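*Asks:* Provided below: run.txt, containing compact mmCIF, C-alpha atoms.
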```
# COMPACT_ATOMS: atom_id res chain seq x y z
CA MET A 16 23.76 45.15 120.41
CA VAL A 17 26.67 43.16 118.94
CA LYS A 18 29.22 45.29 117.12
CA LYS A 19 30.54 43.96 113.80
CA ILE A 20 33.98 44.32 112.28
CA PHE A 21 35.12 43.85 108.69
CA ILE A 22 38.78 43.62 107.61
CA LYS A 23 39.92 43.92 104.00
CA THR A 24 43.41 42.48 103.68
CA PHE A 25 45.96 43.40 101.01
CA GLY A 26 49.36 41.90 100.29
CA CYS A 27 51.38 39.19 101.94
CA GLN A 28 50.53 36.12 104.00
CA MET A 29 51.76 37.94 107.10
CA ASN A 30 48.96 40.46 106.66
CA GLU A 31 46.50 37.56 106.50
CA TYR A 32 47.92 36.23 109.76
CA ASP A 33 47.73 39.71 111.33
CA SER A 34 44.11 40.16 110.24
CA ASN A 35 43.14 36.85 111.83
CA ARG A 36 44.85 37.88 115.08
CA ILE A 37 43.08 41.25 115.04
CA TYR A 38 39.77 39.38 114.79
CA ASP A 39 40.80 37.24 117.78
CA SER A 40 41.71 40.38 119.74
CA VAL A 41 38.61 42.53 119.13
CA LYS A 42 36.30 39.72 120.29
CA LYS A 43 37.46 40.76 123.76
CA ILE A 44 35.68 44.11 123.36
CA GLY A 45 32.48 42.74 121.86
CA PHE A 46 33.14 42.69 118.12
CA GLU A 47 32.08 39.88 115.81
CA LYS A 48 33.53 39.23 112.36
CA THR A 49 31.31 39.99 109.38
CA ASP A 50 31.93 39.17 105.73
CA LYS A 51 29.63 42.03 104.64
CA TYR A 52 31.39 45.35 104.96
CA GLU A 53 28.10 47.27 104.72
CA ASP A 54 27.10 45.74 108.11
CA ALA A 55 30.30 46.83 109.85
CA ASN A 56 30.54 49.15 112.84
CA CYS A 57 34.31 49.04 112.35
CA TYR A 58 36.01 48.84 108.94
CA ILE A 59 39.72 48.00 108.77
CA LEU A 60 41.98 48.16 105.74
CA ASN A 61 45.07 46.04 106.42
CA THR A 62 47.48 47.40 103.84
CA CYS A 63 50.66 46.46 102.00
CA HIS A 64 53.31 48.94 100.84
CA ILE A 65 55.48 46.67 98.70
CA ARG A 66 54.00 47.44 95.29
CA ASP A 67 53.25 50.64 93.44
CA LYS A 68 50.08 52.64 94.07
CA ALA A 69 49.44 50.92 97.43
CA LYS A 70 48.54 54.23 99.03
CA GLU A 71 46.12 55.14 96.26
CA LYS A 72 44.35 51.79 96.64
CA VAL A 73 43.62 52.76 100.25
CA TYR A 74 42.00 56.04 99.25
CA HIS A 75 40.04 54.27 96.52
CA GLU A 76 38.69 51.76 99.03
CA ILE A 77 37.78 54.48 101.50
CA GLY A 78 35.93 56.31 98.73
CA ARG A 79 33.90 53.14 98.17
CA VAL A 80 33.09 52.91 101.88
CA LYS A 81 32.07 56.58 102.04
CA LYS A 82 29.68 56.05 99.17
CA LYS A 83 28.15 52.95 100.78
CA PHE A 84 27.66 54.59 104.17
CA ARG A 85 26.43 57.91 102.80
CA PHE A 86 22.90 57.37 104.17
CA GLN A 87 23.72 55.33 107.27
CA LYS A 88 25.87 55.65 110.35
CA LYS A 89 29.57 55.80 109.53
CA PRO A 90 31.74 52.94 110.87
CA ILE A 91 35.04 53.54 112.62
CA VAL A 92 37.53 53.51 109.73
CA ILE A 93 40.99 52.15 110.55
CA VAL A 94 43.95 51.94 108.20
CA ALA A 95 46.35 49.26 109.46
CA GLY A 96 49.50 47.64 108.11
CA CYS A 97 52.51 48.95 106.24
CA VAL A 98 50.87 51.88 104.42
CA ALA A 99 49.61 53.11 107.80
CA GLN A 100 53.13 52.83 109.20
CA ALA A 101 54.69 54.70 106.28
CA GLU A 102 52.06 57.40 105.71
CA ASN A 103 50.41 57.80 109.15
CA GLN A 104 49.94 61.57 109.72
CA GLU A 105 49.67 62.30 106.01
CA MET A 106 46.71 59.91 105.75
CA LEU A 107 44.87 61.47 108.69
CA LYS A 108 45.32 64.92 107.17
CA ARG A 109 44.42 63.97 103.60
CA GLU A 110 41.34 61.86 104.35
CA PRO A 111 39.16 63.02 107.29
CA TYR A 112 37.06 59.85 106.93
CA ILE A 113 39.98 57.88 108.47
CA ASP A 114 39.68 57.70 112.25
CA ILE A 115 42.69 55.62 113.25
CA VAL A 116 46.00 54.58 111.68
CA ILE A 117 47.80 51.69 113.33
CA GLY A 118 51.09 50.12 112.30
CA PRO A 119 51.81 46.38 112.18
CA GLN A 120 53.84 46.46 115.41
CA ALA A 121 51.06 48.10 117.43
CA TYR A 122 48.20 45.60 117.07
CA HIS A 123 48.35 44.83 120.78
CA LYS A 124 46.96 48.34 121.28
CA ILE A 125 44.02 48.00 118.91
CA ASN A 126 41.36 47.25 121.55
CA ASP A 127 42.32 50.22 123.72
CA THR A 128 42.59 52.46 120.66
CA ILE A 129 39.07 51.55 119.47
CA LEU A 130 37.58 51.98 122.97
CA ASN A 131 39.32 55.34 123.39
CA TYR A 132 37.95 56.47 120.05
CA PHE A 133 34.41 55.54 121.14
CA LYS A 134 34.87 57.65 124.29
CA LYS A 135 36.69 60.69 122.94
CA LYS A 136 35.93 60.72 119.18
CA LYS A 137 39.56 61.71 118.72
CA LYS A 138 41.72 60.51 115.83
CA TYR A 139 44.61 58.21 116.76
CA ASP A 140 48.01 57.43 115.27
CA GLU A 141 49.53 54.25 116.71
CA THR A 142 52.67 53.57 114.70
CA GLU A 143 55.43 53.00 117.23
CA PHE A 144 57.58 49.88 116.87
CA ASP A 145 56.88 47.58 119.81
CA THR A 146 57.14 44.06 118.43
CA ILE A 147 57.89 42.31 121.73
CA SER A 148 54.79 43.76 123.44
CA LYS A 149 52.70 42.89 120.39
CA PHE A 150 53.54 39.19 120.43
CA ASN A 151 53.45 38.94 124.22
CA TYR A 152 49.91 40.32 124.09
CA LEU A 153 48.78 38.12 121.19
CA SER A 154 50.25 35.01 122.84
CA LYS A 155 47.67 35.45 125.63
CA ILE A 156 44.80 35.33 123.13
CA LYS A 157 43.97 31.92 121.71
CA ASN A 158 44.48 31.67 117.95
CA LYS A 159 41.05 30.70 116.58
CA ASP A 160 42.16 30.11 112.99
CA SER A 161 40.44 26.86 112.01
CA LYS A 162 41.81 26.37 108.51
CA ILE A 163 43.39 23.10 107.44
CA SER A 164 46.42 25.09 106.26
CA SER A 165 47.33 27.88 108.71
CA PHE A 166 49.83 30.72 108.67
CA LEU A 167 52.01 31.27 111.73
CA THR A 168 54.28 34.30 112.02
CA ILE A 169 57.56 33.43 113.74
CA GLN A 170 59.72 36.38 112.66
CA GLU A 171 59.13 39.98 111.65
CA GLY A 172 61.17 42.84 110.28
CA CYS A 173 64.37 42.98 108.28
CA ASP A 174 67.97 44.08 108.76
CA LYS A 175 69.04 43.50 105.14
CA PHE A 176 68.11 46.97 103.79
CA CYS A 177 67.78 46.02 100.14
CA HIS A 178 67.74 49.32 98.32
CA PHE A 179 64.29 48.80 96.80
CA CYS A 180 62.48 47.60 99.93
CA VAL A 181 60.38 49.41 102.54
CA VAL A 182 60.11 46.49 104.99
CA PRO A 183 62.86 47.70 107.39
CA TYR A 184 60.96 51.00 107.66
CA THR A 185 57.43 49.60 107.95
CA ARG A 186 58.05 46.40 109.95
CA GLY A 187 61.19 47.44 111.81
CA PRO A 188 64.34 45.45 112.65
CA GLU A 189 64.45 41.66 112.63
CA TYR A 190 62.68 40.13 115.60
CA SER A 191 62.26 36.41 116.33
CA ARG A 192 59.43 35.24 118.57
CA PRO A 193 60.23 33.05 121.59
CA PHE A 194 60.46 29.38 120.66
CA THR A 195 58.05 28.21 123.37
CA GLN A 196 55.54 30.93 122.41
CA ILE A 197 55.46 29.60 118.85
CA ILE A 198 55.00 25.98 119.97
CA LYS A 199 52.11 27.05 122.22
CA GLU A 200 50.39 28.62 119.21
CA VAL A 201 51.05 25.49 117.13
CA VAL A 202 49.19 23.46 119.78
CA GLU A 203 46.24 25.89 119.54
CA LEU A 204 46.16 25.54 115.76
CA ILE A 205 46.27 21.74 116.04
CA GLN A 206 43.31 21.88 118.44
CA ASN A 207 41.47 23.91 115.77
CA GLY A 208 42.07 21.17 113.17
CA THR A 209 45.15 22.51 111.36
CA LYS A 210 47.08 19.90 109.37
CA GLU A 211 49.60 22.17 107.63
CA ILE A 212 51.66 24.96 109.22
CA ILE A 213 53.17 27.68 107.04
CA LEU A 214 55.84 29.51 109.04
CA LEU A 215 56.03 33.19 108.11
CA GLY A 216 58.58 35.96 108.30
CA GLN A 217 59.93 38.79 106.21
CA ASN A 218 63.20 36.83 106.51
CA VAL A 219 61.81 33.63 107.98
CA ASN A 220 65.09 31.74 107.70
CA ALA A 221 66.82 34.45 109.77
CA TYR A 222 64.80 33.15 112.73
CA SER A 223 67.05 32.94 115.80
CA TYR A 224 65.97 32.89 119.42
CA ARG A 225 68.20 32.21 122.43
CA GLU A 226 66.54 30.45 125.32
CA LYS A 227 68.24 28.70 128.28
CA ASN A 228 71.69 29.11 126.71
CA LYS A 229 70.54 27.45 123.48
CA GLU A 230 70.03 29.14 120.14
CA PHE A 231 66.93 27.97 118.31
CA ARG A 232 66.98 28.33 114.53
CA LEU A 233 64.34 27.69 111.87
CA SER A 234 65.78 24.19 111.50
CA ASP A 235 65.07 23.47 115.20
CA LEU A 236 61.53 24.75 114.85
CA ILE A 237 60.81 22.55 111.81
CA LEU A 238 62.15 19.47 113.59
CA GLU A 239 60.05 20.27 116.67
CA LEU A 240 56.91 20.61 114.54
CA GLU A 241 57.81 17.28 112.94
CA LYS A 242 57.09 15.61 116.31
CA PHE A 243 53.39 16.53 116.25
CA SER A 244 51.55 13.58 114.74
CA GLU A 245 48.59 15.81 113.81
CA ILE A 246 50.76 17.99 111.55
CA GLU A 247 51.01 16.51 108.06
CA ARG A 248 52.92 19.27 106.25
CA ILE A 249 55.33 22.08 107.10
CA ARG A 250 56.27 25.04 104.89
CA TYR A 251 58.07 28.36 105.41
CA THR A 252 58.23 31.66 103.53
CA THR A 253 59.81 34.08 102.65
CA SER A 254 63.52 33.29 102.73
CA HIS A 255 66.67 35.22 101.95
CA PRO A 256 69.53 33.40 100.19
CA LYS A 257 72.00 34.80 102.75
CA ASP A 258 70.21 32.88 105.53
CA MET A 259 70.04 29.47 103.82
CA THR A 260 72.41 28.00 106.40
CA GLU A 261 73.79 24.45 106.44
CA ASP A 262 71.59 23.41 109.36
CA LEU A 263 68.50 24.46 107.39
CA LEU A 264 69.66 22.68 104.23
CA ASN A 265 70.31 19.53 106.28
CA VAL A 266 66.72 19.54 107.58
CA TYR A 267 65.70 18.44 104.09
CA LYS A 268 67.63 15.21 104.77
CA LYS A 269 65.85 14.59 108.09
CA SER A 270 62.31 15.92 107.80
CA LYS A 271 59.51 13.87 106.28
CA LYS A 272 56.95 16.68 106.64
CA LEU A 273 58.88 19.66 105.22
CA MET A 274 57.48 20.17 101.72
CA PRO A 275 59.82 20.05 98.69
CA LEU A 276 59.08 23.58 97.45
CA VAL A 277 61.60 26.31 98.26
CA HIS A 278 60.45 29.88 97.72
CA LEU A 279 63.76 31.74 97.51
CA PRO A 280 63.58 35.24 96.00
CA VAL A 281 66.56 36.00 93.79
CA GLN A 282 65.24 39.32 92.30
CA SER A 283 67.76 39.35 89.40
CA GLY A 284 70.08 36.99 87.54
CA SER A 285 72.76 39.67 87.25
CA ASN A 286 75.47 40.09 89.90
CA LYS A 287 75.80 43.73 88.91
CA ILE A 288 72.12 44.37 89.64
CA LEU A 289 72.20 42.31 92.85
CA LYS A 290 75.04 44.49 94.10
CA LEU A 291 73.15 47.66 93.17
CA MET A 292 70.13 46.26 95.02
CA ASN A 293 72.30 45.53 98.09
CA ARG A 294 71.04 41.95 98.06
CA LYS A 295 74.17 40.56 99.78
CA HIS A 296 74.28 37.39 97.69
CA THR A 297 75.61 36.45 94.26
CA ILE A 298 74.15 34.24 91.55
CA GLU A 299 76.95 31.73 92.19
CA GLU A 300 75.91 31.49 95.86
CA TYR A 301 72.27 31.11 94.84
CA LEU A 302 73.10 28.29 92.42
CA LYS A 303 75.17 26.59 95.12
CA ILE A 304 72.09 26.46 97.38
CA TYR A 305 70.02 25.15 94.47
CA LYS A 306 72.53 22.37 93.73
CA LYS A 307 72.86 21.34 97.39
CA LEU A 308 69.10 20.97 97.77
CA LYS A 309 68.69 19.14 94.46
CA ASP A 310 71.45 16.73 95.54
CA ILE A 311 69.58 16.09 98.79
CA ASN A 312 66.25 15.58 97.04
CA PRO A 313 65.83 15.84 93.23
CA ASN A 314 62.08 16.33 93.81
CA ILE A 315 62.67 19.75 95.38
CA GLU A 316 61.42 22.59 93.18
CA PHE A 317 62.09 26.33 93.41
CA SER A 318 59.89 29.41 93.13
CA SER A 319 61.16 32.97 93.24
CA ASP A 320 60.58 36.73 92.89
CA PHE A 321 61.98 38.92 90.11
CA ILE A 322 62.23 42.69 89.81
CA ILE A 323 62.46 43.75 86.17
CA GLY A 324 63.78 47.13 85.04
CA TYR A 325 65.73 47.95 88.20
CA PRO A 326 67.74 51.18 87.73
CA GLN A 327 70.81 50.56 85.51
CA GLU A 328 69.50 47.20 84.27
CA GLU A 329 70.92 46.78 80.77
CA GLU A 330 70.11 44.17 78.15
CA GLU A 331 72.95 41.89 79.26
CA ASP A 332 71.69 42.02 82.86
CA PHE A 333 68.24 41.00 81.69
CA LYS A 334 69.74 38.17 79.62
CA ASP A 335 71.51 36.97 82.79
CA THR A 336 68.11 36.75 84.46
CA LEU A 337 66.70 34.77 81.54
CA ARG A 338 69.69 32.40 81.73
CA LEU A 339 69.01 31.80 85.42
CA VAL A 340 65.33 31.07 84.76
CA LYS A 341 66.24 28.60 82.00
CA ASN A 342 68.79 26.95 84.29
CA ILE A 343 66.50 26.44 87.30
CA LYS A 344 63.08 26.24 85.60
CA PHE A 345 61.15 27.78 88.50
CA VAL A 346 57.74 26.14 88.96
CA ASN A 347 56.02 29.28 90.23
CA SER A 348 57.32 32.83 90.47
CA TYR A 349 56.30 36.44 90.86
CA SER A 350 57.69 39.11 88.58
CA PHE A 351 57.14 42.87 88.61
CA ILE A 352 58.50 46.01 87.05
CA PHE A 353 60.53 48.01 89.56
CA SER A 354 58.46 50.65 91.32
CA PRO A 355 60.26 53.15 93.58
CA ARG A 356 59.19 53.14 97.24
CA PRO A 357 59.44 56.47 99.09
CA GLY A 358 62.19 56.50 101.69
CA THR A 359 64.28 53.75 100.11
CA VAL A 360 67.74 54.20 98.57
CA ALA A 361 66.39 53.33 95.10
CA ALA A 362 63.51 55.82 95.32
CA ASP A 363 65.35 58.63 93.52
CA LEU A 364 67.35 56.63 90.98
CA ASP A 365 66.84 57.10 87.25
CA LEU A 366 64.32 54.60 85.92
CA VAL A 367 64.80 52.26 82.98
CA ASP A 368 62.61 53.25 80.03
CA LYS A 369 59.06 52.14 80.86
CA SER A 370 58.30 50.56 77.49
CA GLN A 371 61.57 48.61 77.65
CA SER A 372 60.75 47.37 81.15
CA LYS A 373 57.29 46.29 80.01
CA ALA A 374 58.75 44.41 77.05
CA ARG A 375 61.24 42.63 79.32
CA LEU A 376 58.51 41.75 81.81
CA GLU A 377 56.42 40.18 79.04
CA ILE A 378 59.40 38.09 77.91
CA ILE A 379 60.28 36.78 81.36
CA GLN A 380 56.66 36.12 82.34
CA LYS A 381 56.12 34.17 79.13
CA LEU A 382 59.13 32.01 79.96
CA LEU A 383 58.14 31.56 83.63
CA PHE A 384 54.58 30.66 82.66
CA GLU A 385 55.83 28.13 80.09
CA TYR A 386 57.72 26.25 82.82
CA GLN A 387 54.72 26.43 85.13
CA ILE A 388 52.38 25.09 82.42
CA SER A 389 54.90 22.41 81.44
CA LYS A 390 55.28 21.22 85.04
CA ASN A 391 51.51 20.97 85.46
CA LYS A 392 51.11 19.26 82.09
CA SER A 393 53.69 16.64 83.12
CA LEU A 394 51.42 15.59 85.99
CA GLU A 395 48.47 14.68 83.77
CA GLN A 396 47.53 10.98 84.01
CA LYS A 397 49.67 10.75 87.15
CA ILE A 398 48.68 10.44 90.81
CA VAL A 399 49.61 13.17 93.28
CA ASN A 400 49.26 13.53 97.04
CA VAL A 401 46.82 16.31 97.91
CA LEU A 402 46.02 17.82 101.30
CA VAL A 403 42.30 18.60 101.09
CA GLU A 404 41.63 22.09 102.46
CA ASN A 405 37.96 22.81 101.78
CA GLN A 406 34.93 22.35 99.58
CA MET A 407 34.51 24.62 96.57
CA LYS A 408 31.62 27.08 96.46
CA ASP A 409 29.73 24.76 94.10
CA LYS A 410 29.51 22.26 97.02
CA VAL A 411 30.49 19.51 94.57
CA LYS A 412 34.25 19.67 94.14
CA LEU A 413 37.05 19.78 96.69
CA PHE A 414 40.10 22.03 96.81
CA GLY A 415 43.57 21.07 97.97
CA ARG A 416 47.25 21.48 97.19
CA THR A 417 50.10 19.25 96.11
CA GLU A 418 53.42 19.03 97.91
CA HIS A 419 54.64 21.75 95.52
CA MET A 420 51.74 24.04 96.51
CA THR A 421 49.86 23.65 93.21
CA SER A 422 46.09 24.02 93.48
CA VAL A 423 44.06 20.87 92.76
CA ILE A 424 40.30 20.81 92.10
CA PHE A 425 38.61 17.42 92.11
CA ASP A 426 35.46 15.46 92.87
CA GLY A 427 35.06 14.16 96.39
CA GLY A 428 33.09 14.18 99.61
CA ILE A 429 33.55 16.52 102.59
CA GLU A 430 34.72 13.55 104.70
CA ASN A 431 38.07 13.97 102.91
CA ILE A 432 38.66 17.54 104.19
CA GLY A 433 41.79 17.57 106.34
CA LYS A 434 43.12 14.34 104.85
CA ILE A 435 45.92 13.66 102.39
CA VAL A 436 44.36 11.84 99.44
CA GLN A 437 45.69 10.58 96.15
CA VAL A 438 44.26 12.33 93.12
CA GLU A 439 44.57 11.16 89.55
CA ILE A 440 45.16 14.24 87.40
CA SER A 441 43.14 14.36 84.18
CA SER A 442 43.89 17.91 83.00
CA SER A 443 45.72 21.08 83.96
CA SER A 444 45.94 24.83 83.45
CA GLN A 445 48.69 27.33 84.20
CA ASN A 446 47.73 27.55 87.88
CA SER A 447 45.72 24.42 88.69
CA LEU A 448 45.36 20.67 88.32
CA PHE A 449 42.04 18.85 87.86
CA GLY A 450 41.17 15.25 88.57
CA LYS A 451 39.46 12.69 90.78
CA ILE A 452 40.31 10.76 93.92
CA LYS A 453 42.09 7.51 93.14
CA ARG A 454 40.36 4.59 94.81
CA ASN A 455 43.13 2.09 94.02
CA TYR A 456 46.30 3.42 95.69
CA ASN A 457 48.73 0.87 94.34
CA GLN A 458 49.99 3.05 91.50
CA LYS A 459 53.10 5.21 91.71
CA VAL A 460 52.63 8.72 93.09
CA ALA A 461 54.22 11.54 91.04
```
Show this structure as structure tokens.

*Replies:*
Amino acid sequence: MVKKIFIKTFGCQMNEYDSNRIYDSVKKIGFEKTDKYEDANCYILNTCHIRDKAKEKVYHEIGRVKKKFRFQKKPIVIVAGCVAQAENQEMLKREPYIDIVIGPQAYHKINDTILNYFKKKKKYDETEFDTISKFNYLSKIKNKDSKISSFLTIQEGCDKFCHFCVVPYTRGPEYSRPFTQIIKEVVELIQNGTKEIILLGQNVNAYSYREKNKEFRLSDLILELEKFSEIERIRYTTSHPKDMTEDLLNVYKKSKKLMPLVHLPVQSGSNKILKLMNRKHTIEEYLKIYKKLKDINPNIEFSSDFIIGYPQEEEEDFKDTLRLVKNIKFVNSYSFIFSPRPGTVAADLDLVDKSQSKARLEIIQKLLFEYQISKNKSLEQKIVNVLVENQMKDKVKLFGRTEHMTSVIFDGGIENIGKIVQVEISSSSQNSLFGKIKRNYNQKVA
């Protein structure tokens, strides 16, 4: 009988990539992917520890699974990802329904761990850092991701130690995958039909791999991907301002496939707060990067991340953040109230008054959303290039994204999936554009 596996993925794009690779791996031991968790013989929660209450979400999900399987055979329950790494033994003790915890650097061991559990019915904790072995193992398993737009992890971990962040503790030190290993996986994705590659890393622009006395940087990788005729678009995320080096900035002069959206988390507009966060960059340095890229290509837009209510944030610090937002006019950003992560430097600091933080968050989100809405509104009655990713569930409309990563929903046939088409935008919302394929392509593209 075929065994079925279900993975529920929380958090970042890297977790999505990891979940896909886990699916590729467990096929070797007879598991098939199912989209119905109630049919699963193995249930995996791939978790994220960045935001507040991540751990409690895990227990809530497991409670849901327990209820569903109350009158049928229990699946193997595995907690994977960053919560597993941070809370391993505590989770096994608190919730007996969990059978295995496995950290993000131990996925190369998942097949053996599952098979050993079948044999011995013994709980397992696999949370050692072993990034090199992980990627060496995964490189031997063909990536079966067949999406038009595919994630590809090229770098993991972080050496920056921002005071609010758990990544150095859950993903380990910075590690860059071998250049040739990445290119091999790109070829696999192309064979699967991929047209857009999104390069991933906790600090993706810190990518650096030495091979045959040559150092390969993110800039080299982008230019190598540029050579593949099948690849239409290249993106990368998430970057750190400290690693926006000149060679990377200059790629924007050379590359025709690197998209003009730069996701560059700033976290705060106040130098005082950035120093308290241990961010290792200033607002002046951030604005210098912004100006250089805008000078190269005025069409480049920025998105960012903001932490509101960081310990010791005063009104003037918050106003500095508002000034930065008004200056750059970010087209898409994520903003959250600071939530302390256990084990980090900021975990025990005195918090800003909660009601004040909430009020500030509302103000900045209103401003960020206004720019997002305004940008989308400005594209109405214009024509944009859209990479068509799939058909919507209604089987009538298509879904794709603009060069700036904005979602576009429009009428069209499935023969357009995987192609870049021109769409005339008729209306917009905060997050999406709506329109129809333009049959006459002679008009100017926005």

*Asks:* Residues at most 10 Å from Glu329 of chain A, counting all atoms listed in the file, excluding those fewer than 3 positions away in the same chain, as a list in words?

*Replies:*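 Skipping anything fewer than 3 positions along the chain leaves Ser285, Lys287, Ile288, Gly324, Tyr325, Pro326, Asp332, Phe333, Lys334 and Val367 of chain A.
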
*Asks:* Given all atoms listed in the file as the basis, pick out the residue of A:Glu261, A:Glu171, A:Glu53, A:Glu385 nearest to Tyr32 of chain A.

*Replies:*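 Looking at the shortest contact to Tyr32 of chain A, the residue is A:Glu171.
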
*Asks:* Find the spatial neighbours of Lys229 of chain A, counting only C-alpha atoms, within a cut-off of 12 Å - ignore same-chain residues fewer than 6 positions away - and output them as a list in words.

*Replies:*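 The residues satisfying every condition are Pro193, Phe194, Ser223 and Asp235 of chain A.
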
*Asks:* Any idea what the distance is between atom CA of Ile37 of chain A and atom CA of Leu238 of chain A?

*Replies:*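 Between atom CA of Ile37 of chain A and atom CA of Leu238 of chain A the gap works out to 29.0 Å.
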
*Asks:* I'd like the interatomic distance between atom CA of Ser164 of chain A and atom CA of Ile213 of chain A, to a tenth of an Å.

*Replies:*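 Distance reported for this atom pair: 7.3 Å.
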
*Asks:* For the atom pair atom CA of Thr62 of chain A and atom CA of Ser191 of chain A, what is the interatomic distance in Å to one decimal place?

*Replies:*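 It comes out at 22.3 Å.
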
*Asks:* Tell me which protein, DNA and RNA residues are within 9 Å of segment 114-125 of chain A, counting only C-alpha atoms, leaving out same-chain ones fewer than 2 positions away, and put them as a PyMOL selection string.

*Replies:* chain A and resi 30+33+36-37+40-41+61+91-104+106-107+111-112+127-130+132+136-153+185-187

*Asks:* Out of A:Ile22, A:Ile156, A:Leu264, A:Leu273, which residue has the shortest atom-to-atom distance to Lys48 of chain A when counting all atoms listed in the file?

*Replies:* A:Ile22

*Asks:* What lies within 12 Å of segment 401-412 of chain A using only C-alpha atoms, ignoring chain neighbours under 6 positions off, as a VMD selection string?

*Replies:* chain A and resid 161 to 165 208 to 211 246 to 249 274 418 to 440 448 to 453 460 to 461

*Asks:* Set the distance at 9 Å and use all atoms listed in the file: which residues neighbour Glu76 of chain A once local chain neighbours fewer than 5 positions away are removed? I'd like the list as a list in words.

*Replies:*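 That gives Leu60, Glu71 and Lys81 of chain A.
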
*Asks:* Pick out the closest residue to Glu316 of chain A from this set: A:Ser283, A:Asn293, A:Thr24, A:Gln387. Count all atoms listed in the file.

*Replies:*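 For Glu316 of chain A, the nearest of the given residues is A:Gln387.
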
*Asks:* Counting all atoms listed in the file, figure out which residue out of A:Ile205, A:Gln396, A:Val181, A:Lys303 gets nearest to Pro355 of chain A.

*Replies:* A:Val181

*Asks:* Between A:Phe231, A:Tyr251, A:Phe46, A:Tyr224, which residue has the minimum interatomic distance to Thr168 of chain A, considering only C-alpha atoms?

*Replies:*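 Closest candidate: A:Tyr251.
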
*Asks:* Using only C-alpha atoms for the distances, tell me which of A:Ser443, A:Asp50, A:Ile315, A:Asn56 is nearest to Glu395 of chain A.

*Replies:*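 Distance minimum relative to Glu395 of chain A lands on A:Ser443.
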